[in-house]
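Student: Here's a structure for you.
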Amino acid sequence: MNENEIYLKVQDALVKTLGVKKEEIAPEKLLIDNLGMQSLDLLDIFFQIEKVFDIKIPRRELEEKAKGELSQEEFSSEGLITELGKKQLAHNLPAIDVQRLERDISPEEIPELLTVRTIVLLIKEKIDNK
C-alpha cells in the first residue's frame with residue numbers, strides 16, 4: 001500500500017473522529033493545533049486505524065519510537081526533552097513540526113508535534129514490517 005492510499009484512509013478516520021471536513025485535512029496539518037484533536041481522540045484514531053489496516057499500535061509505542069535507543073535520562077531531564085532527545089525525536093518521528101523543538105518541550109507534549117503525515121508514515125512503516 002502506498003503513502004497516498006494510506007493518507008486517504010487516515011483522512012477518513014480523522015473526518016469520522018474529529019468531525020472535520022476532508023478539505024481541512026492536509027499532510028502537513030498538526031493534529032492538535034490545526035485539526036482540534038484532543039488527547040483521547042488519538043486513542044480513537046489509532047483504534048480505527050488498527051481496524052482498517054489490520055495492525056496493532058500499542059499505547060506506549062509512540063513514546064518508545066520517539067525515544068528510540070536513548071535511555072530515559074538521555075531523552076529527558078527535569079521534565080524536558082534534552083537536545084539529544086530532540087534530535088532523536090526528529091529522526092524517529094518523520095514529518096513532525098520540528099520548529100516546535102526549538103523551545104523547551106516535555107515528553108507529554110509530543111502529540112502536539114504530530115502531523116497527519118507523521119501518522120501516515122508510522123502506518124506505512126507498520127504495514128511494510130508486517
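Just so we're on the same page: first chain in the C-alpha cells is A, next is B, and so on; residues restart at 1 for each chain, and ligands are numbered from 1 in the order they show up.
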Excluding Lys56 of chain A and residues on its chain fewer than 5 positions from it, collect all residues at most 12 Å away from it, counting only C-alpha atoms, and give them as a PyMOL selection string.
Tutor: chain A and resi 43+46-51+61-62+122-123+125-127+129-130
Student: Keeping C-alpha atoms, export the residues of the selection given above as a PDB file, in the first residue's frame.
Tutor:
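As written to disk, part.pdb reads:
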```pdb
ATOM      1  CA  LEU A  43      -6.594   6.653  21.011  1.00  0.00           C
ATOM      2  CA  PHE A  46      -5.400   4.619  16.469  1.00  0.00           C
ATOM      3  CA  PHE A  47      -8.251   2.196  17.219  1.00  0.00           C
ATOM      4  CA  GLN A  48      -9.859   2.956  13.848  1.00  0.00           C
ATOM      5  CA  ILE A  49      -6.511   2.711  12.082  1.00  0.00           C
ATOM      6  CA  GLU A  50      -5.837  -0.674  13.681  1.00  0.00           C
ATOM      7  CA  LYS A  51      -9.126  -1.991  12.298  1.00  0.00           C
ATOM      8  CA  GLU A  61       4.648   2.810  21.051  1.00  0.00           C
ATOM      9  CA  LEU A  62       4.642   6.462  20.047  1.00  0.00           C
ATOM     10  CA  LEU A 122       4.023   5.390  11.047  1.00  0.00           C
ATOM     11  CA  ILE A 123       1.283   3.269   9.479  1.00  0.00           C
ATOM     12  CA  GLU A 125       6.256   1.503   8.408  1.00  0.00           C
ATOM     13  CA  LYS A 126       3.979  -0.896  10.312  1.00  0.00           C
ATOM     14  CA  ILE A 127       2.475  -2.266   7.106  1.00  0.00           C
ATOM     15  CA  ASN A 129       7.207  -4.522   8.510  1.00  0.00           C
ATOM     16  CA  LYS A 130       4.248  -6.939   8.689  1.00  0.00           C
TER      17      LYS A 130
END
```
Student: Excluding same-chain residues fewer than 4 positions from Val10 of chain A, what lies within 9 Å of it counting only C-alpha atoms, as number ranges by chain?
Tutor: A: 5-6, 14-15, 45, 48-49, 116, 119-120
Student: Next, the residues of the selection above should be written as a tab-separated table (two decimals), in the first residue's frame with all heavy atoms.
Tutor:
```
chain	number	residue	atom	x	y	z
A	5	GLU	N	-2.51	6.03	-0.63
A	5	GLU	CA	-3.63	5.17	-0.24
A	5	GLU	C	-3.82	5.19	1.28
A	5	GLU	O	-4.96	5.25	1.77
A	5	GLU	CB	-3.39	3.74	-0.72
A	5	GLU	CG	-3.42	3.59	-2.23
A	5	GLU	CD	-2.92	2.24	-2.70
A	5	GLU	OE1	-1.94	1.72	-2.12
A	5	GLU	OE2	-3.51	1.70	-3.66
A	6	ILE	N	-2.73	5.16	2.01
A	6	ILE	CA	-2.80	5.23	3.47
A	6	ILE	C	-3.36	6.59	3.89
A	6	ILE	O	-4.23	6.67	4.76
A	6	ILE	CB	-1.41	4.99	4.09
A	6	ILE	CG1	-0.95	3.56	3.79
A	6	ILE	CG2	-1.43	5.25	5.60
A	6	ILE	CD1	0.51	3.30	4.11
A	14	LEU	N	-9.87	10.59	10.37
A	14	LEU	CA	-9.87	11.92	11.01
A	14	LEU	C	-11.21	12.62	10.85
A	14	LEU	O	-11.68	13.27	11.78
A	14	LEU	CB	-8.74	12.77	10.43
A	14	LEU	CG	-7.32	12.29	10.75
A	14	LEU	CD1	-6.29	13.11	9.97
A	14	LEU	CD2	-7.05	12.35	12.23
A	15	VAL	N	-11.82	12.48	9.69
A	15	VAL	CA	-13.15	13.06	9.47
A	15	VAL	C	-14.14	12.46	10.47
A	15	VAL	O	-14.90	13.17	11.12
A	15	VAL	CB	-13.61	12.83	8.01
A	15	VAL	CG1	-15.10	13.13	7.85
A	15	VAL	CG2	-12.79	13.69	7.06
A	45	ILE	N	-8.48	7.42	17.13
A	45	ILE	CA	-7.92	7.38	15.77
A	45	ILE	C	-7.09	6.13	15.58
A	45	ILE	O	-7.22	5.41	14.58
A	45	ILE	CB	-7.09	8.66	15.49
A	45	ILE	CG1	-8.02	9.87	15.39
A	45	ILE	CG2	-6.26	8.51	14.21
A	45	ILE	CD1	-7.31	11.21	15.46
A	48	GLN	N	-9.30	3.06	15.20
A	48	GLN	CA	-9.86	2.96	13.85
A	48	GLN	C	-8.80	2.50	12.85
A	48	GLN	O	-9.06	1.67	11.98
A	48	GLN	CB	-10.44	4.30	13.41
A	48	GLN	CG	-11.72	4.64	14.10
A	48	GLN	CD	-12.34	5.90	13.52
A	48	GLN	OE1	-12.36	6.08	12.32
A	48	GLN	NE2	-12.83	6.76	14.39
A	49	ILE	N	-7.61	3.05	12.98
A	49	ILE	CA	-6.51	2.71	12.08
A	49	ILE	C	-6.15	1.23	12.22
A	49	ILE	O	-5.90	0.55	11.22
A	49	ILE	CB	-5.30	3.63	12.36
A	49	ILE	CG1	-5.59	5.02	11.80
A	49	ILE	CG2	-4.01	3.05	11.78
A	49	ILE	CD1	-4.62	6.09	12.24
A	116	VAL	N	-0.48	15.02	10.18
A	116	VAL	CA	-1.19	13.94	9.50
A	116	VAL	C	-0.17	13.01	8.83
A	116	VAL	O	-0.26	11.78	8.92
A	116	VAL	CB	-2.19	14.50	8.47
A	116	VAL	CG1	-2.82	13.38	7.66
A	116	VAL	CG2	-3.26	15.35	9.16
A	119	ILE	N	1.50	10.38	11.07
A	119	ILE	CA	0.66	9.20	11.28
A	119	ILE	C	0.71	8.30	10.06
A	119	ILE	O	0.84	7.08	10.17
A	119	ILE	CB	-0.79	9.62	11.61
A	119	ILE	CG1	-0.84	10.48	12.87
A	119	ILE	CG2	-1.69	8.40	11.76
A	119	ILE	CD1	-0.28	9.84	14.12
A	120	VAL	N	0.62	8.89	8.87
A	120	VAL	CA	0.68	8.11	7.64
A	120	VAL	C	1.98	7.32	7.56
A	120	VAL	O	2.00	6.13	7.24
A	120	VAL	CB	0.50	9.03	6.40
A	120	VAL	CG1	0.83	8.29	5.11
A	120	VAL	CG2	-0.91	9.60	6.36
```
Student: Counting only C-alpha atoms, which residues of segment 12-33 of chain A fall within 12 Å of segment 92-112 of chain A, and what is the closest atom pair for each with its distance in Å at one decimal, ordered by chain and rising number, as JSON lines?
Tutor:
```
{"residue": "A:Pro27", "atom": "CA", "partner": "A:Ala95", "partner_atom": "CA", "distance": 8.7}
{"residue": "A:Glu28", "atom": "CA", "partner": "A:Ala95", "partner_atom": "CA", "distance": 7.5}
{"residue": "A:Lys29", "atom": "CA", "partner": "A:Asp97", "partner_atom": "CA", "distance": 9.2}
{"residue": "A:Leu30", "atom": "CA", "partner": "A:Glu112", "partner_atom": "CA", "distance": 7.2}
{"residue": "A:Leu31", "atom": "CA", "partner": "A:Glu112", "partner_atom": "CA", "distance": 7.2}
{"residue": "A:Ile32", "atom": "CA", "partner": "A:Glu112", "partner_atom": "CA", "distance": 5.7}
{"residue": "A:Asp33", "atom": "CA", "partner": "A:Glu112", "partner_atom": "CA", "distance": 7.2}
```
Student: Can you list every residue in chain A that DSSP puts in alpha helix (DSSP H), as a ChimeraX atom specification?
Tutor: /A:3-18,39-53,61-67,72-75,83-92,116-128
Student: Given only C-alpha atoms as the basis, pick out the residue of A:Ala90, A:Gln38, A:Asp44, A:Lys22 nearest to Arg59 of chain A.
Tutor: A:Asp44
Student: What does the distance from atom CA of Glu23 of chain A to atom CA of Leu89 of chain A come to in Å, to one decimal?
Tutor: 29.0 Å
Student: Could you jot down the atom CA of Asp128 of chain A to atom CA of Lys86 of chain A separation for me, Å, one decimal place?
Tutor: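 Straight-line distance from atom CA of Asp128 of chain A to atom CA of Lys86 of chain A works out to 25.8 Å.
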Student: Grab the atom CA of Phe53 of chain A to atom CA of Lys9 of chain A distance for me, in Å with one decimal place.
Tutor: 8.9 Å
